[in-house]
Amino acid sequence: MDKDKRKLTEKELKRKEYFEKLTLEMQQKGYKTKDMIINIQQANYLGILSMLPFMILTFLIYRNVNGFDLEGISLVFAVAVFLIFLCLAILHELIHGITWGIFAKSHFRSIDFGIIWSSFSPYCTCSEPLGKWQYLLGAAMPTLILGGVAAVIAVMTNQLLLFFLAEFMILSGGGDFLIILKILLYRTNKKECVYCDHPYECGLVVFER
């Protein structure tokens with residue numbers, strides 16, 4: 001989110017200060033920076049569009065294997081999906097943190113969690129630069145586990161509630177997917193590249209030399 005559209009929190013200001021020191025240190029080592037920032041408004045609808053093919057494919061597989069009976073859906077069912085989804089949204093960020101924390105040299109001391117209250121968006125950020133595939137794995141893992149693996153289990157066990165949750169978690173991975181795509185499409189002739197979360201924007205910064 002653009003810094004001129006919202007006031008940075010105390011945690012974000014601390015991360016900003018730390019990131020500025022890190023950037024200076026990296027520049028002294030010969031690294032140059034490349035911003036990979038995603039506008040949060042664009043991410044909202046582009047993320048949805050990008051995940052629709054995966055959701056449709058999952059729906060078709062589930063319907064082909066188990067059929068699709070909506071008679072079991074009730075108000076209680078809908079409320080249960082919503083409440084569990086809120087818990088899974090938090091778990092989504094925890095999985096980011098656990099994965100990146102495993103790879104980071106300072107481990108979980110480099111991981112920070114929070115919520116952007118203006119958009120009610122929970123987030124996880126890693127303040128330490130990571131290798132390309134370390135960063136990509138951490139970005140993809142929540143959607144792979146809570147979306148992909150959950151969808152496979154839902155199909156195999158014919159669990160409609162789990163299927164809906166898997167679909168929601170696939171959808172919620174849209175922003176991560178856009179960042180992953182941005183990294184994969186980025187081309188550089190530099191021999192060394194490390195990837196670090198931006199301290200307060202949606203996206204990351206590449207240090208390369």
# chains A, B, ... in the order shown; residues from 1 in each chain; ligands from 1
call {"tool": "residues_around", "arguments": {"residues": "Ser50 in chain A", "least_positions_apart": "3", "cutoff": "9 Å", "atoms": "only C-alpha atoms", "output": "MDAnalysis selection string"}}
result
chainID A and resid 45:47 53:54 171 174 177:178
call {"tool": "write_last_selection", "arguments": {"atoms": "C-alpha atoms", "output": "PDB file, in the first residue's frame"}}
result
ATOM      1  CA  TYR A  45      -8.718  -7.874  -8.372  1.00  0.00           C
ATOM      2  CA  LEU A  46      -5.730  -9.205 -10.329  1.00  0.00           C
ATOM      3  CA  GLY A  47      -5.152 -11.748  -7.584  1.00  0.00           C
ATOM      4  CA  PRO A  53      -8.490 -20.926 -13.282  1.00  0.00           C
ATOM      5  CA  PHE A  54      -7.178 -22.957 -10.319  1.00  0.00           C
ATOM      6  CA  LEU A 171      -8.437 -17.450  -3.729  1.00  0.00           C
ATOM      7  CA  GLY A 174      -3.827 -14.447  -5.243  1.00  0.00           C
ATOM      8  CA  PHE A 177       0.772 -15.694  -6.706  1.00  0.00           C
ATOM      9  CA  LEU A 178       1.256 -12.253  -8.269  1.00  0.00           C
TER      10      LEU A 178
END
call {"tool": "closest_atom_pairs", "arguments": {"of": "range 159-209 of chain A", "to": "range 28-31 of chain A", "cutoff": "10 Å", "atoms": "only C-alpha atoms", "output": "CSV"}}
result
residue,atom,partner,partner_atom,distance
A:Lys190,CA,A:Tyr31,CA,9.7
A:Glu192,CA,A:Tyr31,CA,8.6
A:Cys193,CA,A:Tyr31,CA,8.6
A:Val194,CA,A:Tyr31,CA,9.5
A:Val206,CA,A:Tyr31,CA,9.2
A:Phe207,CA,A:Tyr31,CA,5.6
A:Glu208,CA,A:Tyr31,CA,5.0
A:Arg209,CA,A:Tyr31,CA,4.7
call {"tool": "closest_residue", "arguments": {"among": "A:Ala166, A:Val152, A:Val205, A:Leu146", "to": "Val65 in chain A", "atoms": "only C-alpha atoms"}}
result
A:Val152
call {"tool": "select_by_dssp", "arguments": {"residues": "range 73-170 of chain A", "states": "alpha helix (DSSP H)", "output": "number ranges by chain"}}
result
A: 75-103, 132-142, 150-157, 160-170
call {"tool": "write_last_selection", "arguments": {"atoms": "C-alpha atoms", "output": "tab-separated table (two decimals), in the first residue's frame"}}
result
chain	number	residue	atom	x	y	z
A	75	LEU	CA	-26.91	-20.94	7.36
A	76	VAL	CA	-24.93	-22.89	9.97
A	77	PHE	CA	-22.77	-24.32	7.19
A	78	ALA	CA	-22.09	-20.83	5.77
A	79	VAL	CA	-21.24	-19.41	9.21
A	80	ALA	CA	-18.90	-22.34	9.87
A	81	VAL	CA	-17.10	-21.73	6.57
A	82	PHE	CA	-16.70	-18.04	7.39
A	83	LEU	CA	-15.41	-18.58	10.93
A	84	ILE	CA	-12.98	-21.32	9.94
A	85	PHE	CA	-11.79	-19.20	7.03
A	86	LEU	CA	-10.85	-16.40	9.45
A	87	CYS	CA	-8.75	-18.85	11.45
A	88	LEU	CA	-7.15	-20.20	8.28
A	89	ALA	CA	-6.29	-16.66	7.17
A	90	ILE	CA	-4.16	-16.35	10.30
A	91	LEU	CA	-2.70	-19.82	9.74
A	92	HIS	CA	-1.85	-18.72	6.18
A	93	GLU	CA	0.46	-16.03	7.57
A	94	LEU	CA	1.92	-18.39	10.17
A	95	ILE	CA	2.94	-20.81	7.42
A	96	HIS	CA	4.70	-17.96	5.60
A	97	GLY	CA	6.58	-17.17	8.80
A	98	ILE	CA	7.48	-20.77	9.64
A	99	THR	CA	8.84	-21.44	6.15
A	100	TRP	CA	10.87	-18.24	5.87
A	101	GLY	CA	12.00	-18.62	9.49
A	102	ILE	CA	13.53	-22.01	8.71
A	103	PHE	CA	15.67	-20.50	5.95
A	132	LYS	CA	15.28	-16.93	-4.69
A	133	TRP	CA	13.84	-20.39	-4.11
A	134	GLN	CA	13.75	-19.92	-0.36
A	135	TYR	CA	11.64	-16.81	-0.81
A	136	LEU	CA	9.43	-18.43	-3.47
A	137	LEU	CA	8.79	-21.50	-1.32
A	138	GLY	CA	7.81	-19.34	1.64
A	139	ALA	CA	5.47	-17.31	-0.56
A	140	ALA	CA	3.81	-20.38	-2.09
A	141	MET	CA	3.61	-22.75	0.89
A	142	PRO	CA	0.36	-21.48	2.49
A	150	ALA	CA	-6.79	-29.43	1.32
A	151	ALA	CA	-8.51	-29.62	-2.09
A	152	VAL	CA	-6.98	-33.04	-2.78
A	153	ILE	CA	-8.17	-34.33	0.61
A	154	ALA	CA	-11.64	-32.83	0.02
A	155	VAL	CA	-11.93	-34.64	-3.32
A	156	MET	CA	-10.70	-37.93	-1.86
A	157	THR	CA	-13.00	-37.79	1.18
A	160	LEU	CA	-17.94	-30.30	0.93
A	161	LEU	CA	-17.00	-28.04	3.84
A	162	LEU	CA	-13.30	-28.72	3.31
A	163	PHE	CA	-13.75	-28.14	-0.42
A	164	PHE	CA	-15.20	-24.66	0.11
A	165	LEU	CA	-12.42	-23.81	2.55
A	166	ALA	CA	-9.81	-25.00	0.06
A	167	GLU	CA	-11.38	-22.84	-2.65
A	168	PHE	CA	-11.30	-19.79	-0.35
A	169	MET	CA	-7.66	-20.45	0.55
A	170	ILE	CA	-6.73	-20.79	-3.12
call {"tool": "closest_atom_pairs", "arguments": {"of": "range 49-168 of chain A", "to": "range 201-204 of chain A", "cutoff": "12 Å", "atoms": "only C-alpha atoms", "output": "Markdown table"}}
result
| residue | atom | partner | partner_atom | distance |
| --- | --- | --- | --- | --- |
| A:Ile116 | CA | A:Glu201 | CA | 10.8 |
| A:Ser121 | CA | A:Cys202 | CA | 10.9 |
| A:Pro122 | CA | A:Cys202 | CA | 11.8 |
| A:Tyr123 | CA | A:Cys202 | CA | 9.5 |
| A:Cys124 | CA | A:Cys202 | CA | 10.7 |
| A:Thr125 | CA | A:Leu204 | CA | 9.6 |
| A:Cys126 | CA | A:Leu204 | CA | 9.9 |
| A:Ser127 | CA | A:Leu204 | CA | 10.2 |
| A:Glu128 | CA | A:Leu204 | CA | 11.2 |
| A:Pro129 | CA | A:Leu204 | CA | 9.8 |
| A:Leu130 | CA | A:Leu204 | CA | 11.0 |
| A:Lys132 | CA | A:Leu204 | CA | 11.6 |
| A:Tyr135 | CA | A:Leu204 | CA | 10.0 |
| A:Leu136 | CA | A:Leu204 | CA | 11.4 |
| A:Ala139 | CA | A:Gly203 | CA | 10.7 |
call {"tool": "write_last_selection", "arguments": {"atoms": "all heavy atoms", "output": "mmCIF file, in the first residue's frame"}}
result
data_model
loop_
_atom_site.group_PDB
_atom_site.id
_atom_site.type_symbol
_atom_site.label_atom_id
_atom_site.label_comp_id
_atom_site.auth_asym_id
_atom_site.auth_seq_id
_atom_site.Cartn_x
_atom_site.Cartn_y
_atom_site.Cartn_z
ATOM 1 N N ILE A 116 -2.899 -4.848 8.704
ATOM 2 C CA ILE A 116 -3.180 -3.518 8.171
ATOM 3 C C ILE A 116 -4.667 -3.280 8.390
ATOM 4 O O ILE A 116 -5.515 -3.815 7.676
ATOM 5 C CB ILE A 116 -2.818 -3.422 6.681
ATOM 6 C CG1 ILE A 116 -1.328 -3.720 6.479
ATOM 7 C CG2 ILE A 116 -3.155 -2.031 6.135
ATOM 8 C CD1 ILE A 116 -0.909 -3.761 5.021
ATOM 9 N N SER A 121 -6.121 -6.600 6.675
ATOM 10 C CA SER A 121 -5.276 -7.573 5.984
ATOM 11 C C SER A 121 -4.154 -8.044 6.910
ATOM 12 O O SER A 121 -3.233 -7.283 7.199
ATOM 13 C CB SER A 121 -4.658 -6.944 4.727
ATOM 14 O OG SER A 121 -5.650 -6.473 3.859
ATOM 15 N N PRO A 122 -4.217 -9.288 7.383
ATOM 16 C CA PRO A 122 -3.093 -9.813 8.160
ATOM 17 C C PRO A 122 -1.895 -10.016 7.247
ATOM 18 O O PRO A 122 -2.045 -10.272 6.047
ATOM 19 C CB PRO A 122 -3.634 -11.143 8.696
ATOM 20 C CG PRO A 122 -4.706 -11.537 7.756
ATOM 21 C CD PRO A 122 -5.307 -10.263 7.244
ATOM 22 N N TYR A 123 -0.700 -9.911 7.799
ATOM 23 C CA TYR A 123 0.491 -10.079 6.977
ATOM 24 C C TYR A 123 1.607 -10.718 7.769
ATOM 25 O O TYR A 123 1.612 -10.745 9.000
ATOM 26 C CB TYR A 123 0.959 -8.735 6.402
ATOM 27 C CG TYR A 123 1.472 -7.752 7.447
ATOM 28 C CD1 TYR A 123 2.761 -7.836 7.955
ATOM 29 C CD2 TYR A 123 0.649 -6.730 7.927
ATOM 30 C CE1 TYR A 123 3.216 -6.941 8.915
ATOM 31 C CE2 TYR A 123 1.100 -5.831 8.885
ATOM 32 C CZ TYR A 123 2.391 -5.946 9.374
ATOM 33 O OH TYR A 123 2.846 -5.073 10.326
ATOM 34 N N CYS A 124 2.559 -11.274 7.036
ATOM 35 C CA CYS A 124 3.801 -11.782 7.597
ATOM 36 C C CYS A 124 4.927 -11.216 6.756
ATOM 37 O O CYS A 124 4.820 -11.137 5.522
ATOM 38 C CB CYS A 124 3.831 -13.311 7.549
ATOM 39 S SG CYS A 124 5.449 -14.023 7.937
ATOM 40 N N THR A 125 6.003 -10.798 7.409
ATOM 41 C CA THR A 125 7.131 -10.244 6.669
ATOM 42 C C THR A 125 8.434 -10.784 7.237
ATOM 43 O O THR A 125 8.530 -11.056 8.443
ATOM 44 C CB THR A 125 7.122 -8.702 6.725
ATOM 45 O OG1 THR A 125 8.205 -8.191 5.951
ATOM 46 C CG2 THR A 125 7.241 -8.194 8.141
ATOM 47 N N CYS A 126 9.414 -10.970 6.371
ATOM 48 C CA CYS A 126 10.732 -11.428 6.771
ATOM 49 C C CYS A 126 11.728 -10.304 6.500
ATOM 50 O O CYS A 126 11.834 -9.836 5.362
ATOM 51 C CB CYS A 126 11.129 -12.692 5.994
ATOM 52 S SG CYS A 126 12.768 -13.320 6.417
ATOM 53 N N SER A 127 12.436 -9.864 7.518
ATOM 54 C CA SER A 127 13.338 -8.723 7.385
ATOM 55 C C SER A 127 14.711 -9.117 6.845
ATOM 56 O O SER A 127 15.543 -8.252 6.595
ATOM 57 C CB SER A 127 13.512 -8.032 8.739
ATOM 58 O OG SER A 127 14.076 -8.924 9.689
ATOM 59 N N GLU A 128 14.932 -10.397 6.652
ATOM 60 C CA GLU A 128 16.244 -10.884 6.221
ATOM 61 C C GLU A 128 16.210 -11.291 4.744
ATOM 62 O O GLU A 128 15.256 -11.939 4.302
ATOM 63 C CB GLU A 128 16.639 -12.084 7.078
ATOM 64 C CG GLU A 128 18.039 -12.605 6.829
ATOM 65 C CD GLU A 128 18.387 -13.726 7.783
ATOM 66 O OE1 GLU A 128 18.094 -13.591 8.991
ATOM 67 O OE2 GLU A 128 18.942 -14.745 7.336
ATOM 68 N N PRO A 129 17.224 -10.920 3.963
ATOM 69 C CA PRO A 129 17.274 -11.347 2.551
ATOM 70 C C PRO A 129 17.384 -12.868 2.455
ATOM 71 O O PRO A 129 18.105 -13.500 3.234
ATOM 72 C CB PRO A 129 18.538 -10.663 2.016
ATOM 73 C CG PRO A 129 18.795 -9.531 2.943
ATOM 74 C CD PRO A 129 18.342 -10.007 4.292
ATOM 75 N N LEU A 130 16.676 -13.437 1.496
ATOM 76 C CA LEU A 130 16.668 -14.875 1.279
ATOM 77 C C LEU A 130 17.034 -15.193 -0.162
ATOM 78 O O LEU A 130 16.938 -14.338 -1.048
ATOM 79 C CB LEU A 130 15.280 -15.452 1.582
ATOM 80 C CG LEU A 130 14.742 -15.274 3.007
ATOM 81 C CD1 LEU A 130 13.283 -15.710 3.060
ATOM 82 C CD2 LEU A 130 15.574 -16.060 4.006
ATOM 83 N N LYS A 132 16.470 -16.973 -3.832
ATOM 84 C CA LYS A 132 15.281 -16.933 -4.689
ATOM 85 C C LYS A 132 14.291 -18.040 -4.354
ATOM 86 O O LYS A 132 13.100 -17.780 -4.125
ATOM 87 C CB LYS A 132 15.694 -17.023 -6.160
ATOM 88 C CG LYS A 132 14.533 -16.994 -7.138
ATOM 89 C CD LYS A 132 15.024 -17.020 -8.573
ATOM 90 C CE LYS A 132 13.867 -16.956 -9.567
ATOM 91 N NZ LYS A 132 14.357 -16.945 -10.968
ATOM 92 N N TYR A 135 12.711 -17.805 -0.871
ATOM 93 C CA TYR A 135 11.639 -16.809 -0.815
ATOM 94 C C TYR A 135 10.388 -17.339 -1.519
ATOM 95 O O TYR A 135 9.271 -17.213 -1.012
ATOM 96 C CB TYR A 135 12.089 -15.495 -1.455
ATOM 97 C CG TYR A 135 11.112 -14.366 -1.222
ATOM 98 C CD1 TYR A 135 11.251 -13.512 -0.130
ATOM 99 C CD2 TYR A 135 10.018 -14.175 -2.066
ATOM 100 C CE1 TYR A 135 10.330 -12.493 0.114
ATOM 101 C CE2 TYR A 135 9.096 -13.171 -1.835
ATOM 102 C CZ TYR A 135 9.262 -12.332 -0.749
ATOM 103 O OH TYR A 135 8.348 -11.337 -0.513
ATOM 104 N N LEU A 136 10.571 -17.926 -2.699
ATOM 105 C CA LEU A 136 9.432 -18.430 -3.466
ATOM 106 C C LEU A 136 8.689 -19.522 -2.701
ATOM 107 O O LEU A 136 7.456 -19.555 -2.693
ATOM 108 C CB LEU A 136 9.901 -18.962 -4.825
ATOM 109 C CG LEU A 136 10.304 -17.917 -5.863
ATOM 110 C CD1 LEU A 136 10.923 -18.592 -7.069
ATOM 111 C CD2 LEU A 136 9.107 -17.067 -6.281
ATOM 112 N N ALA A 139 6.630 -18.017 -0.006
ATOM 113 C CA ALA A 139 5.474 -17.313 -0.555
ATOM 114 C C ALA A 139 4.378 -18.286 -0.996
ATOM 115 O O ALA A 139 3.184 -18.002 -0.859
ATOM 116 C CB ALA A 139 5.906 -16.442 -1.730
#
call {"tool": "select_by_dssp", "arguments": {"residues": "range 83-188 of chain A", "states": "strand (DSSP E)", "output": "ChimeraX atom specification"}}
result
/A:111-116,121-126
call {"tool": "write_last_selection", "arguments": {"atoms": "N, CA and C atoms", "output": "short mmCIF file (atom, residue, chain, number, x, y, z; two decimals), in the first residue's frame"}}
result
data_model
loop_
_atom_site.label_atom_id
_atom_site.label_comp_id
_atom_site.auth_asym_id
_atom_site.auth_seq_id
_atom_site.Cartn_x
_atom_site.Cartn_y
_atom_site.Cartn_z
N ILE A 111 11.22 -12.72 11.61
CA ILE A 111 9.82 -12.79 11.16
C ILE A 111 8.96 -11.86 12.00
N ASP A 112 8.07 -11.14 11.33
CA ASP A 112 7.17 -10.22 12.02
C ASP A 112 5.76 -10.38 11.45
N PHE A 113 4.77 -10.30 12.32
CA PHE A 113 3.37 -10.42 11.91
C PHE A 113 2.62 -9.15 12.29
N GLY A 114 1.52 -8.91 11.59
CA GLY A 114 0.71 -7.76 11.91
C GLY A 114 -0.56 -7.73 11.08
N ILE A 115 -1.32 -6.65 11.24
CA ILE A 115 -2.56 -6.46 10.48
C ILE A 115 -2.61 -5.02 9.99
N ILE A 116 -2.90 -4.85 8.70
CA ILE A 116 -3.18 -3.52 8.17
C ILE A 116 -4.67 -3.28 8.39
N SER A 121 -6.12 -6.60 6.68
CA SER A 121 -5.28 -7.57 5.98
C SER A 121 -4.15 -8.04 6.91
N PRO A 122 -4.22 -9.29 7.38
CA PRO A 122 -3.09 -9.81 8.16
C PRO A 122 -1.89 -10.02 7.25
N TYR A 123 -0.70 -9.91 7.80
CA TYR A 123 0.49 -10.08 6.98
C TYR A 123 1.61 -10.72 7.77
N CYS A 124 2.56 -11.27 7.04
CA CYS A 124 3.80 -11.78 7.60
C CYS A 124 4.93 -11.22 6.76
N THR A 125 6.00 -10.80 7.41
CA THR A 125 7.13 -10.24 6.67
C THR A 125 8.43 -10.78 7.24
N CYS A 126 9.41 -10.97 6.37
CA CYS A 126 10.73 -11.43 6.77
C CYS A 126 11.73 -10.30 6.50
#
call {"tool": "atom_distance", "arguments": {"atom1": "CA of Ser172 in chain A", "atom2": "CA of Thr143 in chain A"}}
result
7.8 Å
call {"tool": "closest_residue", "arguments": {"among": "A:Asn158, A:Gly147, A:Tyr195, A:Trp117", "to": "Met51 in chain A", "atoms": "only C-alpha atoms"}}
result
A:Gly147
